Every structure is written in C-alpha cells, then in structure tokens.
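Student: Okay, here's the structure, questions in a sec.
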Amino acid sequence: MMAQEIQNVLQELRFSSGLSQEDLQKLASISELVEVPASTVIFSEGDAAADLFLLLGGRVELCMNVPAKGCLPVLTLGAGDLLGWSPALTSGEMTATATTIKDTSAVRFAADKLQRLCEQDHDVGYEVMRRIAIALSKRLVATRLQVLDVFADPMTEGKS
Amino acid sequence: MISNASKMATDSPRSPSLWVPKTVVIRKITPEVENVATYHLAFTDADAAASYRFKPGQFNMLYMPGVGESAISISGDPESPELLDHTIRVAGNVTRGLTQLKPGDTLGLRGPFGSSWPMGQCVGRDVLLVTGGIGLPPLRPAIYQLLKRRQDFGNLHLLYGARSPDVLLHQNEFDDWKRSGLTIQKTVDRSVFGWKGNVGVVTLLLERLHSFDPSNTVLFCCGPEVMMRFVARTAFDRGLTAEQIWVSTERNMQCAVGLCGHCQLGPQFICKDGPVFRYDQIAPLLTVEGL
Ligand SMILES: Cc1cc2nc3c(=O)[nH]c(=O)nc-3n(C[C@H](O)[C@H](O)[C@H](O)COP(=O)(O)OP(=O)(O)OC[C@H]3O[C@@H](n4cnc5c(N)ncnc54)[C@H](O)[C@@H]3O)c2cc1C
C-alpha cells in the first residue's frame with residue numbers, strides 16, 4: 001500500500017516524473033514517506049551522509065556554519081526539490097545543516113540502498129544519476145547568479 | 001510593431017512638447033530602503049495635470065537644472081495621475097542630486113514615454129510578475145491595475161527577489177496586495193542571521209511555482225538583464241513560450257524620442273520601441289556582448 005502510494009507521489013514529482021512504472025516501483029520499494037515538523041534539524045553539517053530526500057511540501061533551510069557567528073542560511077528548498085544529494089554520490093560528510101522552516105513532507109531514500117540499486121540496475125541508475133545531474137546543474141546556475149550579485153547597489157558596489 | 005505600443009503617437013519626435021520639460025513640484029518623499037526613495041510629484045500647471053495620463057510600464061525623463069536628465073519609470077497608480085510616483089535608486093549624477101531636494105522643490109519632467117505592459121493580454125489568464133531589486137517599481141502600476149479588476153484575471157503571482165532582506169521594496173503594501181488577491185513570494189540572494197524567508201535566486205521560485213496554467217499564462221519580468229534571461233529560460237522549462245513573456249529593458253537614455261541613438265539595442269530604440277518588449281522581439285539582442 002505504502003509502496004504504491006509512494007509510486008504515485010514519485011510520478012507527480014518534477015524529479016521523477018516520466019520514469020517508467022517499473023523504475024518508479026523500484027524506487028518506491030527503497031523509500032518511505034516522512035512528515036517532518038517545523039524547526040526540526042534533518043541533518044547537520046559534518047554528519048555522515050545517510051539519506052536523500054525529495055520534498056513534497058513545506059520548506060527547508062540549508063545553512064552553513066560561520067565561525068563565531070552561527071549558521072547562515074544559504075538556500076531554501078521547497079516542493080519538488082532534492083535535499084541531501086551528496087549521499088547518493090559519495091559517502092562523506094554533509095556540507096550544510098538542513099532545518100525545516102515549515103512542516104515538511106518528503107520521500108526519503110536511504111542512500112546506501114539507492115546506491116546499491118543504481119549499481120545493480122544501470123538503467124534505473126542512469127536515470128537517477130541523470131536527474132540528480134540536472135537538479136545540480138540548475139542549482140549551480142542559480143548559485144552563479146547569486147555570485148554575480150546582479151542586484152548590487154551601484155553606489156556601494158566594490159566597497160563591501 | 002507590437003500591440004503594447006502606447007507611445008505618444010500624436011506627437012512626432014520633433015514636436016516641441018516632447019522636448020520641453022514641464023515643471024513638477026515634489027509633494028512628498030518617501031524613503032524606501034537605503035539609497036532608494038519614492039518621489040511623489042505634481043504638475044504646477046493645471047492644464048498639464050489635467051491632460052497627463054500614463055500606462056503601466058511607461059517612464060518619464062526627470063530633469064534637474066544644472067545637473068542633467070534621467071529616465072525613471074512611473075511607479076504609482078495610473079488611475080491617480082495627479083500624484084506621480086517615481087521610485088528612484090541613487091546611481092549617478094541626477095539621482096544623487098535628487099537626494100538633496102526636499103518637498104516643495106521643483107523639477108522638470110518630460111513624458112510619459114515608451115511602451116507599456118500589455119494589460120489586455122492578462123484578461124482571462126494567469127499572470128506571473130517576476131521581478132528583482134529596483135525592478136519592482138516599474139511593475140507596481142500593473143499590480144494596481146490587476147488588483148482593481150481582480151475578477152478579470154486568473155491566478156496572480158508576484159515572485160520578487162532582492163539582494164538582502166533589508167532592501168526589499170514596497171513591503172508596507174504587501175499585506176494589502178495579498179488581501180486583494182495577489183500571491184506573493186519573496187526571496188533574497190544573501191540572507192542574514194535570523195531571516196526565515198526564502199534564500200536563493202528568484203528563478204528558483206518560478207521553478208517551484210504551482211497553481212498556474214502554462215498554456216494560459218502571461219509573464220511580466222523586470223530586473224537586471226541577466227536575471228531576466230534566466231527567468232525566461234526557467235519559464236520555457238515550465239512550458240511558456242517567448243510570446244507569453246514580456247520584459248522591461250534599460251539602457252542609458254538621452255532624448256527619449258528615438259533620435260539620439262543612446263539607448264539603441266540593435267535595431268530597437270529602448271525609449272520608443274521599449275522599454276517593454278515581448279521576449280521573442282528582444283531575446284537575440286540580450287546575449288550580444290557589448291550591445
Ligand atoms: C526606461 C528606463 C526606466 C528606468 N526606471 C528607473 C526607475 O524607475 N528607478 C531608477 O532608480 N532607475 C531607473 N532607470 C535607470 C536610470 O535611468 C539610470 O540609473 C540613470 O543613469 C540614472 O541617472 P544618473 O544621472 O543619476 O546616473 P548617471 O550619471 O547616468 O550614472 C548611472 C550609471 O550609468 C553609467 N553611465 C552613465 N552614462 C553612461 C553611458 N553613456 N554609457 C554607459 N554607462 C553610462 C554610470 O557609469 C553609472 O554607473 C531607468 C532607466 C530606463 C532606461
């Protein structure tokens with residue numbers, strides 16, 4: 001029942017829409033639906049990489065620790081976004097802290113299971129990796145725009 | 001030429017009425033954020049006041065004697081032209097000079113000039129207003145018109161990006177706008193500790209947006225050109241075509257009537273063919289280096 005429900009959810013998500021029913025079924029079988037209340041830390045910077053999430057609703061803040069200041073928000077994520085992509089690629093440490101700002105729902109994949117699935121079944125593995133690459137390339141372009149600082153005040157530009 | 005053209009069609013570019021500034025008095029100055037203020041101007045001449053009308057997206061040339069002239073969009077309500085709002089960010093000579101003025105001082109004004117947001121295209125459709133930084137004021141007259149005739153349109157969304165939380169403009173009106181039927185999402189490129197709103201560029205908001213029908217949507221975009229290019233790309237990903245997207249462009253401007261060529265962008269004169277263009281008519285020029 002749960003697997004079928006997840007399969008239906010995945011079919012609607014930007015990340016996974018267009019996958020074959022067979023692939024969706026495989027992904028559904030290694031994931032679960034989770035509800036995370038607002039103000040919950042999902043993972044912290046430095047944690048061992050463990051889970052990957054596809055957000056269904058709510059809002060999650062990613063922040064990075066600035067010594068002597070605290071955790072500075074660098075990006076917020078919402079419905080349709082991928083959270084915690086690095087566990088799908090490596091097994092290192094999380095590079096940011098993720099905290100829910102609103103009640104959030106998501107599909108959670110255990111990273112080791114996802115990696116195993118991708119290695120055993122290269123067809124689904126290719127699709128998953130391709131979609132992660134697309135999501136990351138969009139995030140990279142967005143980060144470049146942030147770095148360009150297009151809204152900078154012409155009078156203070158270069159002074160800060 | 002495109003249907004949003006609403007230039008001063010009756011006056012030829014050589015008509016003296018387009019060249020001679022009319023006197024306006026500063027009735028009030030509203031500080032908005034650091035280096036940005038809204039100047040509320042009124043004509044001193046009753047006839048000028050009675051005949052002046054503008055459309056959302058059009059601009060005036062504001063003239064400070066001894067300093068110079070600058071193109072500034074009209075940011076107020078087109079149905080209340082007795083007080084002309086101009087939201088101005090300090091960028092150079094004229095705009096810095098304006099900060100020295102106070103209510104009761106006078107300025108020269110020529111206009112209105114340029115094309116306008118195609119409000120007629122919005123009827124019966126969802127409308128996405130995507131803007132960043134000082135790009136919100138040129139859209140504000142369109143917001144007033146959309147909200148006054150709210151029932152004529154589908155879903156109305158404002159996606160607004162700014163550099164940081166302290167420079168988000170017109171915040172004091174957001175609650176009114178929301179109550180009147182505009183969905184507002186804002187985001188900042190650089191957050192501060194304690195900020196609980198969105199962080200990230202405005203294109204991310206468009207990527208996540210639901211409750212609009214891409215096949216029946218109009219998108220108006222105003223902001224830095226790089227931002228507008230990436231908003232258009234994201235809109236294409238969401239299923240919109242270039243014919244559904246309108247952008248407002250800026251170039252250094254002098255005569256404002258299509259004669260001097262200062263604001264020329266390829267074959268287009270921003271002052272008379274623009275500033276508002278349908279995206280397919282301007283897109284190829286926005287990626288040409290040096291234009
Ligand atoms: C249609 C339109 C609508 C606009 N609406 C608004 C608005 O609503 N609010 C607002 O704040 N601004 C608006 N602007 C921008 C505004 O006109 C400019 O910032 C203007 O240059 C300010 O005049 P200034 O004399 O204060 O600055 P300037 O002295 O003109 O300097 C401003 C900047 O432009 C550069 N510059 C000056 N001359 C040239 C040149 N010939 N070539 C290249 N760069 C040059 C300067 O180096 C400086 O960085 C609009 C522009 C256009 C074209």
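Quick note on naming: the chains in the structure tokens go A, B, ... in the order shown, residues restart at 1 in each chain, and ligands are numbered from 1 in order of appearance.
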Given only C-alpha atoms, how would the per-residue table for chain B near chain A read, listing every residue at most 9 Å away with its closest atom pair and distance in Å to one decimal, sorted by chain and number, as CSV?
Tutor:
```
residue,atom,partner,partner_atom,distance
B:Asn35,CA,A:Asp153,CA,8.2
B:Arg89,CA,A:Asp153,CA,8.4
B:Val90,CA,A:Met155,CA,6.9
B:Ala91,CA,A:Pro154,CA,5.7
B:Gly92,CA,A:Met155,CA,7.8
B:Gly132,CA,A:Phe151,CA,7.3
B:Gly133,CA,A:Phe151,CA,5.6
B:Ile134,CA,A:Phe151,CA,8.0
B:Gly161,CA,A:Phe151,CA,8.8
B:Ala162,CA,A:Phe151,CA,6.6
B:Arg163,CA,A:Phe151,CA,5.4
B:Asp189,CA,A:Gln146,CA,5.7
B:Arg190,CA,A:Val74,CA,7.1
B:Ser191,CA,A:Pro73,CA,6.0
B:Val192,CA,A:Leu72,CA,6.7
B:Phe193,CA,A:Leu72,CA,5.7
B:Gly194,CA,A:Leu72,CA,8.4
B:Trp195,CA,A:Pro73,CA,7.8
B:Lys196,CA,A:Ile101,CA,7.1
B:Gly197,CA,A:Thr76,CA,8.1
B:Asn198,CA,A:Thr76,CA,5.4
B:Val199,CA,A:Leu75,CA,4.6
B:Gly200,CA,A:Leu75,CA,5.2
B:Val201,CA,A:Ala142,CA,6.1
B:Val202,CA,A:Ala142,CA,8.8
B:Thr203,CA,A:Ala142,CA,7.5
B:Leu204,CA,A:Ala142,CA,7.5
B:Leu205,CA,A:Gly78,CA,8.8
B:Glu207,CA,A:Gly80,CA,8.9
B:Arg208,CA,A:Ala79,CA,6.4
B:Leu209,CA,A:Ala79,CA,8.8
B:Gly223,CA,A:Phe151,CA,8.4
B:Pro224,CA,A:Val150,CA,6.4
B:Glu225,CA,A:Val150,CA,8.7
B:Val226,CA,A:Val150,CA,7.4
B:Met227,CA,A:Val150,CA,7.4
B:Phe230,CA,A:Leu145,CA,8.9
```
Student: Please provide as a list in words all residues within 8 Å of Leu156 (chain B), with the sequence filter that same-chain residues fewer than 3 positions apart are discarded (counting only C-alpha atoms).
Tutor: Asp126, Val127, Leu128, Leu129, Phe153, Gly181, Leu182 and Thr183 of chain B
Student: Go through B:Leu146, B:Ala232, B:Ile184, B:Cys255 and flag the residue nearest ligand 1, using only C-alpha atoms and all ligand atoms for the distances.
Tutor: B:Cys255
Student: Would you list, as number ranges by chain, the residues of region 36-158 of chain A that end up in helix (DSSP H, G or I) under DSSP run on this structure's backbone?
Tutor: A: 86-89, 111-120, 122-148
Student: Grab me every residue within 7 Å of ligand 1, counting only C-alpha atoms and all ligand atoms, and send it over as an MDAnalysis selection string.
Tutor: (chainID A and resid 154) or (chainID B and resid 59 68:75 86:96 134 137:138 249:253 270:271 275)
Student: Taking only residues of region 152-253 of chain B that have an atom at most 6 Å from an atom of region 276-288 of chain B, what is each one's shortest atom pair and its distance in Å to one decimal, using only C-alpha atoms, in chain and number order, as CSV?
Tutor:
```
residue,atom,partner,partner_atom,distance
B:Ala242,CA,B:Asp280,CA,5.2
B:Ile245,CA,B:Tyr279,CA,5.4
B:Trp246,CA,B:Arg278,CA,4.4
B:Val247,CA,B:Val276,CA,5.5
B:Ser248,CA,B:Val276,CA,4.3
```
Student: For Ala96 (chain A), which of A:Glu5, A:Glu119, A:Glu45, A:Glu127 is the closest residue, counting only C-alpha atoms?
Tutor: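 The closest residue to Ala96 (chain A) is A:Glu45.
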Student: Between B:Leu169, B:Lys148, B:Trp19, B:Ser116, which has the minimum distance to Thr38 (chain B) (counting only C-alpha atoms)?
Tutor: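 Among the listed residues, B:Leu169 lies closest to Thr38 (chain B).
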Student: Between B:Arg27, B:Arg233, B:His157, B:Arg140, which one has atoms that come closest to His170 (chain B), using only C-alpha atoms?
Tutor: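 Selected residue with least distance to His170 (chain B): B:Arg140.
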Student: List as a list in words the protein and nucleic acid residues near Ile6 (chain A), meaning an atom at most 9 Å away when only C-alpha atoms are counted, but skip any in the same chain fewer than 3 places from it.
Tutor: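 Counting only the stated atoms, we get Met1, Met2, Ala3, Val9, Leu10, Gln11, Leu24, Gln25, Leu27, Ala28, Ser29, Ser31, Glu32, Leu33 and Val107 of chain A.
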Student: Residues as selected, C-alpha atoms, written as a tab-separated table (two decimals), in the first residue's frame, can you do that?
Tutor:
```tsv
chain	number	residue	atom	x	y	z
A	1	MET	CA	0.00	0.00	0.00
A	2	MET	CA	2.73	2.41	1.10
A	3	ALA	CA	4.92	1.47	-1.90
A	9	VAL	CA	3.75	10.50	-5.48
A	10	LEU	CA	7.00	9.97	-7.39
A	11	GLN	CA	5.12	10.01	-10.67
A	24	LEU	CA	9.17	4.05	-10.16
A	25	GLN	CA	8.29	0.77	-8.48
A	27	LEU	CA	12.48	3.46	-6.30
A	28	ALA	CA	9.29	3.23	-4.25
A	29	SER	CA	10.43	-0.08	-2.80
A	31	SER	CA	11.89	4.72	0.09
A	32	GLU	CA	9.37	5.94	2.63
A	33	LEU	CA	7.10	8.94	3.10
A	107	VAL	CA	10.08	10.93	0.21
```
Student: Mind pulling up the distance from CA of Leu18 (chain B) to CA of Val67 (chain B)?
Tutor: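 Answer for the CA of Val67 (chain B) to CA of Leu18 (chain B) separation: 19.5 Å.
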Student: Enumerate the residues of chain A with a DSSP assignment of strand (DSSP E or B), computed from the backbone, and present them as a PyMOL selection string.
Tutor: chain A and resi 31-36+41-43+48+51-57+60-66+70-77+82-83+93+97-100+104-110
Student: Store the residues picked out above, limited to C-alpha atoms, as an mmCIF file, in the first residue's frame.
Tutor:
```cif
data_model
loop_
_atom_site.group_PDB
_atom_site.id
_atom_site.type_symbol
_atom_site.label_atom_id
_atom_site.label_comp_id
_atom_site.auth_asym_id
_atom_site.auth_seq_id
_atom_site.Cartn_x
_atom_site.Cartn_y
_atom_site.Cartn_z
ATOM 1 C CA SER A 31 11.891 4.723 0.087
ATOM 2 C CA GLU A 32 9.365 5.937 2.626
ATOM 3 C CA LEU A 33 7.101 8.938 3.101
ATOM 4 C CA VAL A 34 8.074 11.138 6.016
ATOM 5 C CA GLU A 35 6.466 14.103 7.759
ATOM 6 C CA VAL A 36 8.884 16.443 9.494
ATOM 7 C CA VAL A 41 17.132 19.592 12.129
ATOM 8 C CA ILE A 42 17.115 16.926 9.380
ATOM 9 C CA PHE A 43 20.903 16.675 9.249
ATOM 10 C CA ALA A 48 27.872 11.219 7.938
ATOM 11 C CA ASP A 51 19.649 9.962 3.392
ATOM 12 C CA LEU A 52 18.412 11.696 0.284
ATOM 13 C CA PHE A 53 15.009 13.425 0.228
ATOM 14 C CA LEU A 54 12.593 14.589 -2.432
ATOM 15 C CA LEU A 55 10.468 17.330 -0.917
ATOM 16 C CA LEU A 56 6.710 17.160 -1.418
ATOM 17 C CA GLY A 57 5.718 20.259 0.522
ATOM 18 C CA VAL A 60 13.707 23.541 4.389
ATOM 19 C CA GLU A 61 16.583 25.904 5.050
ATOM 20 C CA LEU A 62 20.186 24.993 4.316
ATOM 21 C CA CYS A 63 22.687 26.877 6.400
ATOM 22 C CA MET A 64 26.455 26.851 6.749
ATOM 23 C CA ASN A 65 28.377 27.438 9.888
ATOM 24 C CA VAL A 66 30.275 30.719 10.075
ATOM 25 C CA GLY A 70 26.320 30.865 13.714
ATOM 26 C CA CYS A 71 24.611 29.079 10.880
ATOM 27 C CA LEU A 72 23.979 31.429 7.929
ATOM 28 C CA PRO A 73 21.108 30.404 5.594
ATOM 29 C CA VAL A 74 22.419 29.962 2.036
ATOM 30 C CA LEU A 75 19.437 28.361 0.307
ATOM 31 C CA THR A 76 15.865 27.370 0.972
ATOM 32 C CA LEU A 77 14.234 24.388 -0.659
ATOM 33 C CA LEU A 82 16.118 17.487 -3.961
ATOM 34 C CA LEU A 83 17.627 17.634 -0.474
ATOM 35 C CA GLU A 93 30.050 14.327 5.325
ATOM 36 C CA THR A 97 22.746 21.890 8.029
ATOM 37 C CA ALA A 98 19.144 21.319 6.914
ATOM 38 C CA THR A 99 16.329 22.570 9.153
ATOM 39 C CA THR A 100 12.620 22.624 8.386
ATOM 40 C CA THR A 104 7.534 19.438 5.608
ATOM 41 C CA SER A 105 6.687 16.214 3.824
ATOM 42 C CA ALA A 106 9.145 14.251 1.754
ATOM 43 C CA VAL A 107 10.084 10.932 0.206
ATOM 44 C CA ARG A 108 13.177 9.616 1.966
ATOM 45 C CA PHE A 109 15.693 7.258 0.371
ATOM 46 C CA ALA A 110 18.383 5.538 2.405
#
```
Student: CA of Leu41 (chain B) and CA of Gln100 (chain B) are how many Å apart?
Tutor: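 Result for CA of Leu41 (chain B) versus CA of Gln100 (chain B): 15.5 Å, one decimal.
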Student: Please, what distance in Å, to one decimal, runs between CA of Gly18 (chain A) and CA of Ala49 (chain A)?
Tutor: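 Atom-to-atom, CA of Gly18 (chain A) to CA of Ala49 (chain A), that is 27.7 Å.
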